[in-house]
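Colleague: Quick one: this structure, given as structure tokens, is what I'll be asking you about.
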Amino acid sequence: MIYLDTNVIISYVDELDSKHPDALELLSLLEGEKVASKLTLLELVSVFSRAGLDDPVALALYSIEEVGVRIEDIDFNIVVSKAVRLAQDLKLKTLDLLHLAACAEMRSEIFATFDEAILKRAEDIRRLLGVRVIGGPWRTR
């Protein structure tokens with residue numbers, strides 16, 4: 001399974017996003033089931049709400065469907081516990097830690113993101129979680 005970070009989904013659906021071409025290329029090359037967590041849905045609704053877009057919930061659900069992602073139901077008590085343990089080693093932002101912990105809890109093999117902080121920690125993430133981080137076809141870690 002491939003866990004898609006929220007930024008990949010936004011870049012894919014927003015044709016004006018600077019990473020849109022990268023998202024198109026990345027998703028065209030990814031083979032396997034694409035998943036995300038309910039955290040992704042929340043983050044999409046938040047981004048679309050702050051942008052002043054009409055009906056951000058419907059837009060978030062449309063975006064998830066457009067990218068072909070399945071929202072996996074997981075226990076967020078376990079995710080938060082994992083994120084707490086990862087925090088001291090990875091030194092990433094809270095949402096990044098939660099997404100990575102959710103990815104590991106789902107037993108996804110790949111985490112796709114355009115987040116530079118996560119990409120810079122790719123080797124540590126692989127060592128700690130057994131998850132390969134990719135940031136585009138030219139940036140496999």
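Naming works like this for the structure tokens: A, B, ... for the chains as they're shown, residue 1 at the start of each chain, ligands 1 onward in shown order.
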Looking only at the backbone, which of the residues in range 12-124 of chain A does DSSP tag as alpha helix (DSSP H), as a short mmCIF file (atom, residue, chain, number, x, y, z; two decimals) with N, CA and C atoms, in the first residue's frame?
Modeller:
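After the write, out35.cif holds the following:
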data_model
loop_
_atom_site.label_atom_id
_atom_site.label_comp_id
_atom_site.auth_asym_id
_atom_site.auth_seq_id
_atom_site.Cartn_x
_atom_site.Cartn_y
_atom_site.Cartn_z
N TYR A 12 -2.24 17.41 -6.78
CA TYR A 12 -2.86 16.70 -7.89
C TYR A 12 -4.14 17.39 -8.35
N VAL A 13 -4.98 17.79 -7.42
CA VAL A 13 -6.28 18.35 -7.80
C VAL A 13 -6.23 19.85 -8.13
N HIS A 20 1.81 20.59 -9.20
CA HIS A 20 0.80 19.84 -9.95
C HIS A 20 1.42 18.89 -10.98
N PRO A 21 2.35 19.37 -11.82
CA PRO A 21 2.95 18.43 -12.78
C PRO A 21 3.67 17.27 -12.10
N ASP A 22 4.33 17.55 -10.98
CA ASP A 22 5.02 16.49 -10.24
C ASP A 22 4.02 15.48 -9.69
N ALA A 23 2.89 15.97 -9.18
CA ALA A 23 1.86 15.08 -8.64
C ALA A 23 1.27 14.20 -9.75
N LEU A 24 1.02 14.79 -10.91
CA LEU A 24 0.51 14.00 -12.04
C LEU A 24 1.48 12.89 -12.40
N GLU A 25 2.76 13.23 -12.49
CA GLU A 25 3.77 12.25 -12.85
C GLU A 25 3.92 11.18 -11.77
N LEU A 26 3.99 11.62 -10.52
CA LEU A 26 4.14 10.68 -9.42
C LEU A 26 2.99 9.68 -9.38
N LEU A 27 1.78 10.17 -9.44
CA LEU A 27 0.63 9.27 -9.34
C LEU A 27 0.48 8.38 -10.56
N SER A 28 0.97 8.83 -11.70
CA SER A 28 0.91 7.97 -12.88
C SER A 28 1.89 6.81 -12.79
N LEU A 29 2.94 6.98 -11.98
CA LEU A 29 3.97 5.94 -11.85
C LEU A 29 3.74 5.00 -10.67
N LYS A 38 -8.13 9.31 8.14
CA LYS A 38 -9.12 10.36 8.34
C LYS A 38 -8.46 11.70 8.65
N LEU A 39 -7.24 11.65 9.11
CA LEU A 39 -6.46 12.87 9.32
C LEU A 39 -6.31 13.62 8.00
N THR A 40 -6.15 12.90 6.91
CA THR A 40 -6.04 13.50 5.58
C THR A 40 -7.33 14.22 5.21
N LEU A 41 -8.45 13.57 5.47
CA LEU A 41 -9.75 14.20 5.21
C LEU A 41 -9.88 15.49 6.01
N LEU A 42 -9.55 15.44 7.29
CA LEU A 42 -9.60 16.64 8.14
C LEU A 42 -8.69 17.73 7.61
N GLU A 43 -7.48 17.37 7.24
CA GLU A 43 -6.52 18.36 6.74
C GLU A 43 -7.00 18.99 5.43
N LEU A 44 -7.56 18.19 4.54
CA LEU A 44 -8.10 18.73 3.29
C LEU A 44 -9.24 19.70 3.56
N VAL A 45 -10.17 19.34 4.44
CA VAL A 45 -11.28 20.22 4.77
C VAL A 45 -10.75 21.52 5.37
N SER A 46 -9.75 21.43 6.22
CA SER A 46 -9.16 22.62 6.82
C SER A 46 -8.53 23.54 5.78
N VAL A 47 -7.74 22.95 4.88
CA VAL A 47 -7.08 23.74 3.83
C VAL A 47 -8.12 24.42 2.94
N PHE A 48 -9.13 23.67 2.51
CA PHE A 48 -10.14 24.24 1.62
C PHE A 48 -10.99 25.29 2.34
N SER A 49 -11.24 25.09 3.63
CA SER A 49 -12.00 26.08 4.41
C SER A 49 -11.22 27.38 4.53
N ARG A 50 -9.94 27.27 4.86
CA ARG A 50 -9.10 28.48 5.00
C ARG A 50 -8.95 29.21 3.68
N PRO A 56 -16.27 22.87 1.62
CA PRO A 56 -14.96 22.22 1.72
C PRO A 56 -15.02 20.72 2.00
N VAL A 57 -16.08 20.25 2.68
CA VAL A 57 -16.20 18.81 2.94
C VAL A 57 -16.41 18.06 1.62
N ALA A 58 -17.33 18.56 0.80
CA ALA A 58 -17.59 17.93 -0.49
C ALA A 58 -16.35 17.98 -1.38
N LEU A 59 -15.64 19.09 -1.34
CA LEU A 59 -14.43 19.23 -2.14
C LEU A 59 -13.35 18.26 -1.67
N ALA A 60 -13.24 18.09 -0.36
CA ALA A 60 -12.25 17.14 0.18
C ALA A 60 -12.59 15.72 -0.25
N LEU A 61 -13.85 15.35 -0.14
CA LEU A 61 -14.28 14.00 -0.54
C LEU A 61 -14.06 13.79 -2.04
N TYR A 62 -14.35 14.83 -2.84
CA TYR A 62 -14.11 14.75 -4.28
C TYR A 62 -12.61 14.55 -4.56
N SER A 63 -11.77 15.30 -3.85
CA SER A 63 -10.32 15.21 -4.06
C SER A 63 -9.80 13.80 -3.77
N ILE A 64 -10.29 13.23 -2.68
CA ILE A 64 -9.89 11.87 -2.30
C ILE A 64 -10.31 10.88 -3.38
N GLU A 65 -11.53 11.03 -3.86
CA GLU A 65 -12.02 10.14 -4.91
C GLU A 65 -11.24 10.34 -6.21
N GLU A 66 -10.98 11.58 -6.55
CA GLU A 66 -10.27 11.91 -7.80
C GLU A 66 -8.89 11.26 -7.85
N VAL A 67 -8.21 11.22 -6.72
CA VAL A 67 -6.87 10.66 -6.65
C VAL A 67 -6.91 9.13 -6.54
N PHE A 76 -6.77 5.82 16.35
CA PHE A 76 -5.89 6.99 16.52
C PHE A 76 -5.24 7.03 17.90
N ASN A 77 -5.70 6.26 18.85
CA ASN A 77 -4.97 6.15 20.12
C ASN A 77 -3.62 5.49 19.87
N ILE A 78 -3.61 4.48 19.03
CA ILE A 78 -2.35 3.82 18.67
C ILE A 78 -1.48 4.76 17.84
N VAL A 79 -2.09 5.48 16.91
CA VAL A 79 -1.35 6.41 16.05
C VAL A 79 -0.67 7.49 16.90
N VAL A 80 -1.40 8.06 17.83
CA VAL A 80 -0.82 9.12 18.68
C VAL A 80 0.32 8.55 19.51
N SER A 81 0.16 7.37 20.05
CA SER A 81 1.23 6.75 20.83
C SER A 81 2.48 6.54 19.99
N LYS A 82 2.29 6.07 18.76
CA LYS A 82 3.44 5.89 17.85
C LYS A 82 4.09 7.23 17.54
N ALA A 83 3.28 8.24 17.29
CA ALA A 83 3.81 9.57 16.95
C ALA A 83 4.62 10.14 18.11
N VAL A 84 4.16 9.92 19.32
CA VAL A 84 4.91 10.39 20.50
C VAL A 84 6.29 9.74 20.54
N ARG A 85 6.34 8.44 20.28
CA ARG A 85 7.63 7.73 20.29
C ARG A 85 8.54 8.20 19.15
N LEU A 86 7.96 8.57 18.02
CA LEU A 86 8.76 9.02 16.87
C LEU A 86 9.28 10.45 17.02
N ALA A 87 8.59 11.26 17.80
CA ALA A 87 8.88 12.69 17.87
C ALA A 87 10.34 12.99 18.22
N GLN A 88 10.88 12.32 19.21
CA GLN A 88 12.24 12.65 19.63
C GLN A 88 13.28 12.23 18.60
N ASP A 89 13.00 11.21 17.82
CA ASP A 89 13.96 10.77 16.80
C ASP A 89 13.85 11.56 15.50
N LEU A 90 12.61 11.85 15.08
CA LEU A 90 12.43 12.48 13.77
C LEU A 90 12.38 14.00 13.81
N THR A 94 3.93 18.09 14.16
CA THR A 94 2.93 17.16 14.71
C THR A 94 2.15 16.43 13.62
N LEU A 95 1.60 17.16 12.64
CA LEU A 95 0.82 16.48 11.59
C LEU A 95 1.67 15.51 10.80
N ASP A 96 2.93 15.86 10.56
CA ASP A 96 3.82 14.95 9.83
C ASP A 96 4.02 13.66 10.61
N LEU A 97 4.25 13.78 11.92
CA LEU A 97 4.43 12.60 12.77
C LEU A 97 3.17 11.74 12.77
N LEU A 98 2.01 12.39 12.86
CA LEU A 98 0.75 11.64 12.85
C LEU A 98 0.53 10.90 11.54
N HIS A 99 0.83 11.57 10.42
CA HIS A 99 0.68 10.90 9.12
C HIS A 99 1.63 9.71 9.01
N LEU A 100 2.87 9.88 9.43
CA LEU A 100 3.83 8.78 9.36
C LEU A 100 3.43 7.62 10.27
N ALA A 101 2.94 7.94 11.47
CA ALA A 101 2.48 6.90 12.39
C ALA A 101 1.26 6.18 11.81
N ALA A 102 0.36 6.93 11.18
CA ALA A 102 -0.81 6.31 10.54
C ALA A 102 -0.38 5.40 9.40
N CYS A 103 0.57 5.85 8.63
CA CYS A 103 1.11 5.05 7.52
C CYS A 103 1.66 3.73 8.05
N ALA A 104 2.43 3.80 9.11
CA ALA A 104 3.02 2.59 9.70
C ALA A 104 1.94 1.69 10.28
N GLU A 105 0.94 2.28 10.93
CA GLU A 105 -0.14 1.50 11.52
C GLU A 105 -0.93 0.75 10.45
N GLU A 116 9.48 18.66 2.30
CA GLU A 116 10.95 18.61 2.34
C GLU A 116 11.49 18.09 3.67
N ALA A 117 10.84 18.44 4.77
CA ALA A 117 11.32 17.98 6.08
C ALA A 117 11.22 16.46 6.18
N ILE A 118 10.13 15.90 5.68
CA ILE A 118 9.98 14.44 5.69
C ILE A 118 10.97 13.80 4.73
N LEU A 119 11.14 14.37 3.55
CA LEU A 119 12.09 13.82 2.58
C LEU A 119 13.51 13.80 3.14
N LYS A 120 13.86 14.83 3.90
CA LYS A 120 15.21 14.89 4.49
C LYS A 120 15.41 13.81 5.56
N ALA A 122 14.12 10.74 5.35
CA ALA A 122 13.70 9.49 4.72
C ALA A 122 14.46 8.26 5.24
N GLU A 123 15.75 8.37 5.40
CA GLU A 123 16.53 7.22 5.88
C GLU A 123 16.15 6.85 7.31
N ASP A 124 15.97 7.86 8.16
CA ASP A 124 15.55 7.60 9.53
C ASP A 124 14.16 6.97 9.57
#
Colleague: Identify, with DSSP run on backbone atoms, the residues in range 5-124 of chain A assigned to strand (DSSP E or B), and express the list as a PyMOL selection string.
Modeller: chain A and resi 34-36+69-71+110-112
Colleague: May I have the selected residues written with N, CA and C atoms, as a PDB file, in the first residue's frame?
Modeller:
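Contents of again_9.pdb, as written:
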ATOM      1  N   LYS A  34      -3.657   2.953  -3.081  1.00  0.00           N
ATOM      2  CA  LYS A  34      -3.344   4.226  -2.437  1.00  0.00           C
ATOM      3  C   LYS A  34      -4.292   4.421  -1.259  1.00  0.00           C
ATOM      4  N   VAL A  35      -3.715   4.746  -0.098  1.00  0.00           N
ATOM      5  CA  VAL A  35      -4.507   4.912   1.111  1.00  0.00           C
ATOM      6  C   VAL A  35      -4.130   6.219   1.808  1.00  0.00           C
ATOM      7  N   ALA A  36      -4.998   6.604   2.730  1.00  0.00           N
ATOM      8  CA  ALA A  36      -4.752   7.742   3.618  1.00  0.00           C
ATOM      9  C   ALA A  36      -5.598   7.512   4.858  1.00  0.00           C
ATOM     10  N   VAL A  69      -7.846   7.401  -3.691  1.00  0.00           N
ATOM     11  CA  VAL A  69      -7.371   7.016  -2.362  1.00  0.00           C
ATOM     12  C   VAL A  69      -8.513   6.390  -1.568  1.00  0.00           C
ATOM     13  N   ARG A  70      -8.171   5.341  -0.816  1.00  0.00           N
ATOM     14  CA  ARG A  70      -9.120   4.749   0.116  1.00  0.00           C
ATOM     15  C   ARG A  70      -8.753   5.235   1.511  1.00  0.00           C
ATOM     16  N   ILE A  71      -9.743   5.761   2.236  1.00  0.00           N
ATOM     17  CA  ILE A  71      -9.517   6.185   3.615  1.00  0.00           C
ATOM     18  C   ILE A  71      -9.609   4.945   4.507  1.00  0.00           C
ATOM     19  N   ILE A 110       5.022   2.380   1.450  1.00  0.00           N
ATOM     20  CA  ILE A 110       5.518   3.616   0.845  1.00  0.00           C
ATOM     21  C   ILE A 110       4.735   4.804   1.387  1.00  0.00           C
ATOM     22  N   PHE A 111       5.453   5.903   1.634  1.00  0.00           N
ATOM     23  CA  PHE A 111       4.846   7.174   2.025  1.00  0.00           C
ATOM     24  C   PHE A 111       5.213   8.179   0.951  1.00  0.00           C
ATOM     25  N   ALA A 112       4.221   8.682   0.206  1.00  0.00           N
ATOM     26  CA  ALA A 112       4.465   9.636  -0.878  1.00  0.00           C
ATOM     27  C   ALA A 112       4.176  11.047  -0.382  1.00  0.00           C
TER      28      ALA A 112
END
Colleague: Which is closest to Asn7 in chain A among A:Glu109, A:Asp115, A:Asp73, A:Glu31, if we use only C-alpha atoms?
Modeller: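 Smallest separation from Asn7 in chain A among the options: A:Asp115.
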